[in-house]
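Enquirer: Could you have a look at this structure, given as structure tokens, before my questions?
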Amino acid sequence: MKASGLGCTCGITLVLLSLLAVLHATTAQKNDISIYSFTVDSKVSSRFAHTVVTSRVVNRAETVQEATFQVELPKRAFITNFSMIIEGVTYPGNIKEKAAAQEQYSAAVARGESAGLVKATGRKTEQFQVSVNVAPAAKVTFELVYEELLKRQLGVYELLLKVQPQQLVKHLQMDIHIFEPQGISFLKTESTFMTSELANALTISQNKTKAHIQFKPQKTAGQLDKVLDGNFIVRYDVNRTLSGGSIQIENGYFVHYFAPEGLPTIPKNVIFVIDKSGSMSGRKIQQTREALIKILDDLKPNDQFNLISFSGDVTHWKPLLVPASPENVDQAKRYAANIEAHGGTNINDAMLTAVRLLQSANQKELLSDGSVSLIILLTDGDPTVGETSPARIQKNVQKAIDGQYSLFCLGFGFDVSYVFLEKLALDNGGLARRIYEDSDSALQLQDFYQEVANPLLTAVTFEYPDNAVDKVSQDNFRLLFKGSEIVVVGKLRDQSPDVLSAKVRGQLHMQNITFQTESSVAEQEKEFQSPKYIFHSFMERLWAYLTIQQLLEQMVSASGAEKQALETRALNLSLSYSFVTPLTSMVVTKPEGEQRSEVAEKPVETSRWKGSQNDECREGSHVPSPHPSPGLAGPSRRIPSDPWRDGLRGPPNAPLYPLYHTPGEPDMMLGKPLSDPLRVYFPQDDHLTGTPVVPAPIQAPPVILMLPGQSVNRLCVDIKHSQGPMKLLSDPDQGIEVTGQYETEKAQFSWIEVTLKNLQLQVRASPEHVVVTQNRRNSAYKWKETLFSMMPGLNMTMDKTGLLLLSSADKVTVGLLPWDGPGEGLRLLLRDTDRFSSHVNGTLGQFYQDVLWGPPTEADDSKRTLRVQGRDYSATRLVKLDYQEGSPGTEISCWSVEL
């Protein structure tokens with residue numbers, strides 16, 4: 001909501017990645033336009049999501065105020081309805097053919113008014129916005145409805161809600177209902193605004209086929225006293241077998257989901273075509289090199305590959321495709337690491353060179369039978385050298401490929417002609433993606449590659465009895481990749497059989513394979529009658545939605561009469577089912593005396609759109625640039641309160657050693673705040689004479705270990721010698737492994753990686769960001785942004801200090817913390833260390849084996865000897881900085897060991 005006036009801004013933002021919505025609020029003065037109720041109801045029925053966003057506001061001012069309803073929704077979603085209720089009068093939105101609304105749209109633009117209600121705003125979202133004047137004490141209800149088929153990517157479906165009220169809301173509630181007849185195999189929630197105070201506001205109930213997730217903070221619990229700001233994410237998948245998939249039927253329509261488990265991966269022949277023109281210089285080429293090196297590591301031994309780099313000229317790494325042997329991959333990585341950007345952009349010759357390489361390998365019978373050939377093009381600009389006509393390049397490439405290979409086009413940034421790349425890819429059995437310039441660009445490239453890295457089937461066709469089905473959507477597909485899903489929808493004939501059967505045929509490496517499945521019409525119809533939250537005739541709408549999406553895609557490659565026929569059919573379906581698509585518009589009527597109507601149109605991907613490139617709605621993937629290092633400001637004056645940080649004793653029965661200070665002041669014990677940290681006296685000082693000794697700056701060790709035993713002991717570990725990545729700890733019984741790269745010059749970890757083998761999950765932290773990888777899927781997170789993630793077997797949380805904790809029942813808790821200064825790096829923390837097994841090992845893990853403490857030396861009882869696995873370490877009682885609550889740190893006493 002927005003209210004004009006003094007310009008103070010408040011907002012509620014609700015976003016769903018597959019169900020995405022954003023609501024903002026702006027007030028002229030405090031409580032002028034007040035949101036007193038905000039609800040989101042999302043029903044996911046067999047992957048088809050129906051979302052209703054309802055906001056109720058009141059004008060508490062004594063004058064007329066303007067309220068703006070603003071929502072961000074997915075680019076793949078279609079708005080189906082919008083209405084405003086003002087003082088009991090409903091003002092609906094009417095969906096009509098775009099041409100019919102163009103006249104009033106143009107007239108509004110001519111008057112200088114903002115007539116377009118929907119515009120592209122980021123990576124995956126479009127923004128819908130309506131403003132209306134609200135009389136004093138009057139109330140307005142806004143309601144927006146949109147629908148989308150959730151797409152399976154890298155093995156999961158994903159929903160993201162973003163909550164950003166920026167003002168307190170009396171009634172805030174979000175409900176997500178999921179119904180999946182195949183059964184829910186995996187469900188995970190994640191939030192960047194959840195805290196321990198809000199944990200009880202989240203409830204999750206789940207059985208075999210249904211899940212209900214509700215977020216409803218309570219005023220009585222003090223949960224509505226804080227302004228919420230962050231994301232809420234749901235990721236899930238369904239049960240699958242090695243079969244012909246799942247056929248579901250509702251109200252005379254069917255949907256067939258096909259993603260069989262257990263298929264082997266088909267060998268692939270892949271050529272990476274990399275733009276190294278001058279416009280790629282700097283960060284773009286650096287990120288491309290970084291991504292390419294990691295992608296090459298993922299090639300399998302039975303794959304073949306080659307690299308082509310181009311600017312004005314075209315260079316290929318090898319004259320032929322080569323096997324992805326360790327030696328060849330290492331050579332290719334060295335080649336990729338040295339790619340430099342300069343010159344023009346010769347896309348035509350680069351693409352024809354890639355095709356010729358594949359053709360030559362095919363003619364020489366170097367491509368294994370049944371393998372899949374892919375070309376992956378990455379470019380950031382228009383062709384400027386050689387053939388520069390996009391139409392002629394498209395024609396040349398299509399003629400050369402001749403249906404034999406699949407082409408995938410990645411457009412880096414906004415200077416590239418995306419329309420050109422989209423047609424180039426769709427003409428040749430692939431797809432196009434935009435890679436957004438950001439600190440996670442390398443991850444975007446890696447994620448795209450993972451989507452196409454594991455082909456499972458080629459030439460996939462779906463067959464149904466002619467007497468059973470009608471109006472079937474696309475039923476043949478060039479490729480099926482691991483982690484994705486093929487969806488076919490259709491209508492049952494009036495006199496269809498009681499059982500709908502289907503065959504799915506495809507090629508698996510060197511053999512043809514046929515899957516068969518069938519589904520009882522009566523049983524399926526009954527299945528969808530029982531869940532109360534399934535909206536009526538959802539499968540018919542799913543059929544219309546998917547058919548329109550496929551028709552729009554086919555229009556990209558079509559021309560002439562064929563394109564016109566496709567457009568006519570897509571338009572008729574859009575109007576029949578009230579979808580705002582690129583072919584329709586929604587006219588929003590306003591009350592008398594205001595601009596009488598505005599037009600909502602669905603934007604299309606533009607060639608050189610210069611809008612905001614930061615999309616806050618991409619769950620877990622927006623990564624900031626490294627934060628500045630403020631430096632060490634000195635020890636904190638606060639008394640540590642966390643029992644994890646309060647242990648002051650050394651080995652069992654070891655004494656505490658007092659710190660001496662300026663005469664006349666009371667003694668302070670170790671671990672307590674010092675009255676003057678610059679005037680500290682140690683036992684060897686001549687404290688009787690009061691001669692001060694100014695020590696060197698107190699250091700923060702890279703690792704502080706809590707030692708096992710009855711007493712709480714700290715061991716401060718300083719790493720003085722490091723060569724390459726270190727195995728910091730490994731516990732096979734716990735399924736935990738931690739590795740890291742320590743820079744001795746900086747006295748910092750440059751990266752730390754935590755692997756949880758039982759969950760097939762990896763967390764890699766760098767000073768820039770945290771990247772979580774699970775099932776080949778990357779999610780990147782900002783440091784110091786709250787995070788609250790729950791999945792079976794793991795809780796992952798991060799607070800505002802940047803402390804990231806990985807914990808689960810009966811497991812050791814691993815913590816990671818960014819270090820701001822001096823220098824920039826990472827720190828490692830461990831909790832619940834009594835849970836380590838007897839098999840723990842590693843540079844740090846060794847200290848959780850049987851540690852023997854030697855007696856104090858006669859000359860200095862602040863020195864002891866630790867014997868660990870037959871090796872002796874000298875331990876000295878020193879004052880160090882406990883960094884575990886961040887900079888500037890707290891003074892502690894610990895036993896310091898150098899490695």
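By order of appearance in the structure tokens: chains A, B, ..., then residues from 1 within every chain, and ligands from 1 in the order shown.
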For Thr63 of chain A, work out the shell of residues within 10 Å, counting only C-alpha atoms and skipping chain neighbours fewer than 5 positions away, then give it as a PyMOL selection string.
Expert: chain A and resi 32+134-137
Enquirer: Those same residues - all heavy atoms - I'd like them written as an mmCIF file, in the first residue's frame.
Expert:
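Here's the written file part32.cif:
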data_model
loop_
_atom_site.group_PDB
_atom_site.id
_atom_site.type_symbol
_atom_site.label_atom_id
_atom_site.label_comp_id
_atom_site.auth_asym_id
_atom_site.auth_seq_id
_atom_site.Cartn_x
_atom_site.Cartn_y
_atom_site.Cartn_z
ATOM 1 N N ASP A 32 -1.506 6.728 8.473
ATOM 2 C CA ASP A 32 -2.457 7.327 7.537
ATOM 3 C C ASP A 32 -3.147 6.235 6.730
ATOM 4 O O ASP A 32 -4.364 6.098 6.754
ATOM 5 C CB ASP A 32 -1.742 8.303 6.607
ATOM 6 C CG ASP A 32 -1.563 9.669 7.260
ATOM 7 O OD1 ASP A 32 -1.977 9.806 8.418
ATOM 8 O OD2 ASP A 32 -1.026 10.572 6.613
ATOM 9 N N VAL A 134 -8.370 7.142 -1.380
ATOM 10 C CA VAL A 134 -9.169 6.609 -0.282
ATOM 11 C C VAL A 134 -9.623 7.775 0.589
ATOM 12 O O VAL A 134 -8.803 8.557 1.072
ATOM 13 C CB VAL A 134 -8.363 5.601 0.567
ATOM 14 C CG1 VAL A 134 -9.251 4.989 1.636
ATOM 15 C CG2 VAL A 134 -7.760 4.522 -0.317
ATOM 16 N N ALA A 135 -10.934 7.881 0.783
ATOM 17 C CA ALA A 135 -11.502 8.968 1.586
ATOM 18 C C ALA A 135 -11.177 8.751 3.068
ATOM 19 O O ALA A 135 -10.858 7.632 3.483
ATOM 20 C CB ALA A 135 -13.017 9.023 1.387
ATOM 21 N N PRO A 136 -11.246 9.817 3.888
ATOM 22 C CA PRO A 136 -10.993 9.675 5.327
ATOM 23 C C PRO A 136 -11.882 8.592 5.943
ATOM 24 O O PRO A 136 -13.089 8.529 5.661
ATOM 25 C CB PRO A 136 -11.327 11.056 5.894
ATOM 26 C CG PRO A 136 -11.107 11.990 4.741
ATOM 27 C CD PRO A 136 -11.517 11.226 3.519
ATOM 28 N N ALA A 137 -11.270 7.717 6.744
ATOM 29 C CA ALA A 137 -11.943 6.630 7.460
ATOM 30 C C ALA A 137 -12.478 5.541 6.532
ATOM 31 O O ALA A 137 -13.097 4.579 6.999
ATOM 32 C CB ALA A 137 -13.077 7.166 8.328
#
Enquirer: Counting only C-alpha atoms, which residue out of A:Leu707, A:Ala700, A:Leu816, A:Val89 sits closest to Ile752 of chain A?
Expert: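 Under the stated criterion, the closest residue is A:Leu816.
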Enquirer: Given only C-alpha atoms as the basis, pick out the residue of A:Asp820, A:Asp313, A:Glu527, A:Asp275 nearest to Leu378 of chain A.
Expert: A:Asp275
Enquirer: Excluding Val717 of chain A and residues on its chain fewer than 2 positions from it, collect all residues at most 9 Å away from it, counting only C-alpha atoms, and give them as an MDAnalysis selection string.
Expert: chainID A and resid 701:705 715 719 844 895:899
Enquirer: Counting only C-alpha atoms, give me one row per residue of segment 435-551 of chain A with an atom at most 12 Å from an atom of segment 385-407 of chain A, showing the shortest contact pair and its distance in Å to one decimal, sorted by chain then residue number, as a Markdown table.
Expert:
| residue | atom | partner | partner_atom | distance |
| --- | --- | --- | --- | --- |
| A:Val452 | CA | A:Ser406 | CA | 10.5 |
| A:Pro455 | CA | A:Ser406 | CA | 11.6 |
| A:Thr458 | CA | A:Ser406 | CA | 11.0 |
| A:Ala459 | CA | A:Gln404 | CA | 11.5 |
| A:Phe477 | CA | A:Ser406 | CA | 11.7 |
| A:Arg478 | CA | A:Ser406 | CA | 8.5 |
| A:Leu479 | CA | A:Ser406 | CA | 8.9 |
Enquirer: I need the chosen residues saved as a PDB file, in the first residue's frame, with C-alpha atoms.
Expert:
ATOM      1  CA  VAL A 452      21.355 -30.234 -19.000  1.00  0.00           C
ATOM      2  CA  PRO A 455      20.419 -36.495 -20.348  1.00  0.00           C
ATOM      3  CA  THR A 458      16.019 -38.823 -26.321  1.00  0.00           C
ATOM      4  CA  ALA A 459      13.096 -38.745 -28.782  1.00  0.00           C
ATOM      5  CA  PHE A 477      10.120 -34.008 -26.837  1.00  0.00           C
ATOM      6  CA  ARG A 478      13.720 -34.121 -27.988  1.00  0.00           C
ATOM      7  CA  LEU A 479      15.337 -34.681 -24.567  1.00  0.00           C
TER       8      LEU A 479
END
Enquirer: Excluding segment 144-147 of chain A and residues on its chain fewer than 3 positions from it, collect all residues at most 9 Å away from it, counting only C-alpha atoms, and give them as a VMD selection string.
Expert: chain A and resid 19 48 to 54 71 73 76 to 83 541 to 542 545 579
Enquirer: Could you tell me how far atom CA of Trp751 of chain A sits from atom CA of Lys727 of chain A, in Å to one decimal place?
Expert: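 Computing it gives 12.2 Å between the two atoms.
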Enquirer: When distances are computed from only C-alpha atoms, which of A:Ala324, A:Leu424, A:Cys894, A:Ile295 shows the smallest separation from Ile347 of chain A?
Expert: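 Of A:Ala324, A:Leu424, A:Cys894, A:Ile295, the one nearest Ile347 of chain A, counting only C-alpha atoms, is A:Leu424.
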Enquirer: Taking only segment 341-509 of chain A into account, list the residues labelled strand (DSSP E or B) by DSSP (computed from the backbone), as a ChimeraX atom specification.
Expert: /A:372-379,406-412,432-435,455-463,469-470,476-481,486-492,499-508
Enquirer: Excluding segment 852-867 of chain A and its own-chain neighbours fewer than 4 positions away, which residues fall within 8 Å of it when counting only C-alpha atoms? Please give them as a PDB file with N, CA, C and O atoms, in the first residue's frame.
Expert:
ATOM      1  N   PRO A 651      42.733 -27.060  31.688  1.00  0.00           N
ATOM      2  CA  PRO A 651      42.520 -28.482  31.929  1.00  0.00           C
ATOM      3  C   PRO A 651      41.873 -28.698  33.283  1.00  0.00           C
ATOM      4  O   PRO A 651      41.844 -27.802  34.134  1.00  0.00           O
ATOM      5  N   ARG A 871      51.417 -37.380  19.639  1.00  0.00           N
ATOM      6  CA  ARG A 871      52.168 -36.177  19.291  1.00  0.00           C
ATOM      7  C   ARG A 871      51.996 -35.128  20.377  1.00  0.00           C
ATOM      8  O   ARG A 871      50.888 -34.925  20.884  1.00  0.00           O
ATOM      9  N   ASP A 872      53.098 -34.450  20.725  1.00  0.00           N
ATOM     10  CA  ASP A 872      53.052 -33.437  21.777  1.00  0.00           C
ATOM     11  C   ASP A 872      52.875 -32.035  21.191  1.00  0.00           C
ATOM     12  O   ASP A 872      53.525 -31.681  20.199  1.00  0.00           O
ATOM     13  N   TYR A 873      52.004 -31.266  21.851  1.00  0.00           N
ATOM     14  CA  TYR A 873      51.809 -29.863  21.491  1.00  0.00           C
ATOM     15  C   TYR A 873      52.034 -29.014  22.738  1.00  0.00           C
ATOM     16  O   TYR A 873      51.608 -29.373  23.841  1.00  0.00           O
ATOM     17  N   SER A 874      52.691 -27.878  22.559  1.00  0.00           N
ATOM     18  CA  SER A 874      52.882 -26.940  23.650  1.00  0.00           C
ATOM     19  C   SER A 874      51.673 -26.019  23.740  1.00  0.00           C
ATOM     20  O   SER A 874      51.289 -25.390  22.756  1.00  0.00           O
ATOM     21  N   ALA A 875      51.069 -25.948  24.923  1.00  0.00           N
ATOM     22  CA  ALA A 875      49.894 -25.098  25.137  1.00  0.00           C
ATOM     23  C   ALA A 875      50.245 -24.017  26.154  1.00  0.00           C
ATOM     24  O   ALA A 875      50.799 -24.308  27.215  1.00  0.00           O
ATOM     25  N   THR A 876      49.930 -22.780  25.844  1.00  0.00           N
ATOM     26  CA  THR A 876      50.247 -21.644  26.711  1.00  0.00           C
ATOM     27  C   THR A 876      48.964 -20.899  27.055  1.00  0.00           C
ATOM     28  O   THR A 876      48.144 -20.610  26.167  1.00  0.00           O
ATOM     29  N   ARG A 877      48.802 -20.587  28.337  1.00  0.00           N
ATOM     30  CA  ARG A 877      47.614 -19.838  28.762  1.00  0.00           C
ATOM     31  C   ARG A 877      47.793 -18.381  28.352  1.00  0.00           C
ATOM     32  O   ARG A 877      48.717 -17.694  28.818  1.00  0.00           O
TER      33      ARG A 877
END
Enquirer: Return the single residue from A:Asn133, A:Ser279, A:Gln748, A:Thr189 that is closest to Leu794 of chain A, with distances computed using only C-alpha atoms.
Expert: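 So, comparing all the options, the nearest one is A:Thr189.
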Enquirer: Taking the chain letters and numbering used in this document, name the residues of segment 272-345 of chain A that DSSP puts in helix (DSSP H, G or I), as an NGL selection string.
Expert: :A and (278-280 or 283-297 or 326-337)
Enquirer: Store the residues picked out above, limited to N, CA, C and O atoms, as a compact mmCIF listing (two decimals), in the first residue's frame.
Expert:
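out34.txt written:
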# COMPACT_ATOMS: atom_id res chain seq x y z
N GLY A 278 35.46 -7.85 -26.29
CA GLY A 278 35.85 -6.82 -25.34
C GLY A 278 34.81 -6.52 -24.29
O GLY A 278 35.15 -6.19 -23.15
N SER A 279 33.54 -6.64 -24.63
CA SER A 279 32.49 -6.33 -23.67
C SER A 279 32.41 -7.34 -22.54
O SER A 279 31.76 -7.09 -21.52
N MET A 280 33.07 -8.49 -22.69
CA MET A 280 33.10 -9.50 -21.63
C MET A 280 34.23 -9.26 -20.64
O MET A 280 34.38 -10.01 -19.68
N ARG A 283 34.73 -8.43 -14.85
CA ARG A 283 34.08 -9.42 -13.98
C ARG A 283 33.37 -10.51 -14.79
O ARG A 283 33.31 -11.66 -14.36
N LYS A 284 32.80 -10.16 -15.94
CA LYS A 284 32.07 -11.16 -16.72
C LYS A 284 32.97 -12.32 -17.10
O LYS A 284 32.62 -13.49 -16.92
N ILE A 285 34.13 -12.01 -17.69
CA ILE A 285 35.01 -13.09 -18.14
C ILE A 285 35.60 -13.83 -16.95
O ILE A 285 35.82 -15.04 -17.00
N GLN A 286 35.82 -13.12 -15.85
CA GLN A 286 36.33 -13.77 -14.64
C GLN A 286 35.33 -14.79 -14.12
O GLN A 286 35.69 -15.92 -13.77
N GLN A 287 34.05 -14.41 -14.06
CA GLN A 287 33.02 -15.32 -13.59
C GLN A 287 32.81 -16.47 -14.57
O GLN A 287 32.54 -17.60 -14.17
N THR A 288 32.93 -16.17 -15.87
CA THR A 288 32.79 -17.22 -16.88
C THR A 288 33.90 -18.25 -16.71
O THR A 288 33.66 -19.46 -16.78
N ARG A 289 35.12 -17.79 -16.52
CA ARG A 289 36.23 -18.71 -16.30
C ARG A 289 35.99 -19.57 -15.06
O ARG A 289 36.20 -20.78 -15.07
N GLU A 290 35.56 -18.91 -13.98
CA GLU A 290 35.31 -19.63 -12.73
C GLU A 290 34.26 -20.72 -12.91
O GLU A 290 34.43 -21.86 -12.48
N ALA A 291 33.16 -20.37 -13.59
CA ALA A 291 32.08 -21.34 -13.82
C ALA A 291 32.54 -22.47 -14.72
O ALA A 291 32.25 -23.64 -14.48
N LEU A 292 33.27 -22.12 -15.78
CA LEU A 292 33.71 -23.11 -16.76
C LEU A 292 34.63 -24.14 -16.11
O LEU A 292 34.54 -25.34 -16.38
N ILE A 293 35.51 -23.68 -15.24
CA ILE A 293 36.43 -24.60 -14.56
C ILE A 293 35.65 -25.59 -13.69
O ILE A 293 35.96 -26.79 -13.67
N LYS A 294 34.63 -25.12 -12.99
CA LYS A 294 33.83 -26.03 -12.16
C LYS A 294 32.97 -26.95 -13.02
O LYS A 294 32.77 -28.12 -12.69
N ILE A 295 32.44 -26.43 -14.12
CA ILE A 295 31.63 -27.26 -15.02
C ILE A 295 32.47 -28.39 -15.61
O ILE A 295 32.02 -29.54 -15.72
N LEU A 296 33.70 -28.08 -16.00
CA LEU A 296 34.58 -29.11 -16.57
C LEU A 296 34.83 -30.22 -15.57
O LEU A 296 34.96 -31.39 -15.94
N ASP A 297 34.89 -29.89 -14.29
CA ASP A 297 35.07 -30.90 -13.25
C ASP A 297 33.91 -31.88 -13.19
O ASP A 297 34.07 -33.00 -12.70
N PRO A 326 40.74 -37.35 -16.93
CA PRO A 326 41.32 -36.39 -15.98
C PRO A 326 42.39 -35.51 -16.62
O PRO A 326 42.46 -34.31 -16.32
N GLU A 327 43.20 -36.09 -17.50
CA GLU A 327 44.26 -35.31 -18.13
C GLU A 327 43.68 -34.24 -19.04
O GLU A 327 44.12 -33.07 -19.01
N ASN A 328 42.70 -34.62 -19.86
CA ASN A 328 42.09 -33.65 -20.78
C ASN A 328 41.33 -32.56 -20.02
O ASN A 328 41.35 -31.39 -20.41
N VAL A 329 40.65 -32.95 -18.95
CA VAL A 329 39.91 -31.96 -18.16
C VAL A 329 40.88 -30.97 -17.53
O VAL A 329 40.64 -29.76 -17.53
N ASP A 330 42.00 -31.45 -17.00
CA ASP A 330 42.98 -30.55 -16.40
C ASP A 330 43.54 -29.58 -17.45
O ASP A 330 43.73 -28.39 -17.17
N GLN A 331 43.82 -30.08 -18.64
CA GLN A 331 44.32 -29.21 -19.71
C GLN A 331 43.28 -28.15 -20.07
O GLN A 331 43.60 -26.98 -20.28
N ALA A 332 42.03 -28.59 -20.17
CA ALA A 332 40.95 -27.66 -20.53
C ALA A 332 40.76 -26.59 -19.46
O ALA A 332 40.50 -25.42 -19.78
N LYS A 333 40.90 -26.96 -18.21
CA LYS A 333 40.77 -25.98 -17.12
C LYS A 333 41.87 -24.92 -17.19
O LYS A 333 41.63 -23.74 -16.96
N ARG A 334 43.08 -25.38 -17.54
CA ARG A 334 44.17 -24.41 -17.69
C ARG A 334 43.91 -23.48 -18.88
O ARG A 334 44.19 -22.28 -18.81
N TYR A 335 43.35 -24.05 -19.95
CA TYR A 335 43.00 -23.23 -21.12
C TYR A 335 41.92 -22.22 -20.74
O TYR A 335 42.01 -21.02 -21.06
N ALA A 336 40.90 -22.69 -20.03
CA ALA A 336 39.80 -21.80 -19.64
C ALA A 336 40.29 -20.69 -18.73
O ALA A 336 39.82 -19.54 -18.81
N ALA A 337 41.24 -21.01 -17.84
CA ALA A 337 41.74 -20.02 -16.89
C ALA A 337 42.47 -18.88 -17.57
O ALA A 337 42.63 -17.80 -16.99
Enquirer: May I have the residues within 7 Å of segment 494-506 of chain A as a PyMOL selection string, using only C-alpha atoms and disregarding those fewer than 5 positions away in the same chain?
Expert: chain A and resi 244+457-464+467-468+512-521
Enquirer: Under the rule that only C-alpha atoms are counted, which of A:Glu824, A:Glu601, A:Thr315, A:Ile376 is the nearest residue to Gln129 of chain A?
Expert: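 Selected residue with least distance to Gln129 of chain A: A:Glu601.
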Enquirer: Using only C-alpha atoms, which protein or nucleic acid residues come within 12 Å of Gly845 of chain A? Drop anything in the same chain fewer than 6 positions from it, and give the result as a PDB file with C-alpha atoms, in the first residue's frame.
Expert:
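As a result, part_0.pdb now contains:
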ATOM      1  CA  VAL A 703      39.561 -21.403  15.635  1.00  0.00           C
ATOM      2  CA  LEU A 705      37.637 -25.244  20.280  1.00  0.00           C
ATOM      3  CA  MET A 706      35.516 -26.286  23.216  1.00  0.00           C
ATOM      4  CA  LEU A 707      37.314 -29.283  24.689  1.00  0.00           C
ATOM      5  CA  PRO A 708      35.449 -32.311  26.029  1.00  0.00           C
ATOM      6  CA  VAL A 717      44.288 -22.848  17.709  1.00  0.00           C
ATOM      7  CA  MET A 726      43.207 -28.769   4.899  1.00  0.00           C
ATOM      8  CA  LYS A 727      40.973 -31.529   6.212  1.00  0.00           C
ATOM      9  CA  LEU A 728      39.943 -29.761   9.403  1.00  0.00           C
ATOM     10  CA  LEU A 729      37.773 -32.522  10.747  1.00  0.00           C
ATOM     11  CA  SER A 730      36.014 -35.657   9.599  1.00  0.00           C
ATOM     12  CA  ASP A 731      33.664 -37.891  11.547  1.00  0.00           C
ATOM     13  CA  PRO A 732      32.267 -40.761   9.459  1.00  0.00           C
ATOM     14  CA  ILE A 736      30.370 -34.606   8.786  1.00  0.00           C
ATOM     15  CA  GLU A 737      33.457 -33.431   6.950  1.00  0.00           C
ATOM     16  CA  VAL A 738      34.967 -29.930   7.133  1.00  0.00           C
ATOM     17  CA  THR A 739      37.746 -28.696   4.857  1.00  0.00           C
ATOM     18  CA  VAL A 812      27.756 -31.868  16.326  1.00  0.00           C
ATOM     19  CA  LEU A 830      31.972 -26.017  16.933  1.00  0.00           C
ATOM     20  CA  THR A 833      31.431 -31.447  20.604  1.00  0.00           C
ATOM     21  CA  ASP A 834      30.683 -34.221  23.114  1.00  0.00           C
ATOM     22  CA  PHE A 836      31.861 -36.540  18.213  1.00  0.00           C
ATOM     23  CA  SER A 837      32.475 -40.249  17.788  1.00  0.00           C
ATOM     24  CA  SER A 838      35.713 -42.044  18.565  1.00  0.00           C
ATOM     25  CA  HIS A 839      36.509 -42.011  14.830  1.00  0.00           C
ATOM     26  CA  VAL A 851      43.882 -35.705  24.886  1.00  0.00           C
ATOM     27  CA  VAL A 868      47.297 -36.013  21.014  1.00  0.00           C
ATOM     28  CA  GLN A 869      47.563 -39.353  19.201  1.00  0.00           C
TER      29      GLN A 869
END
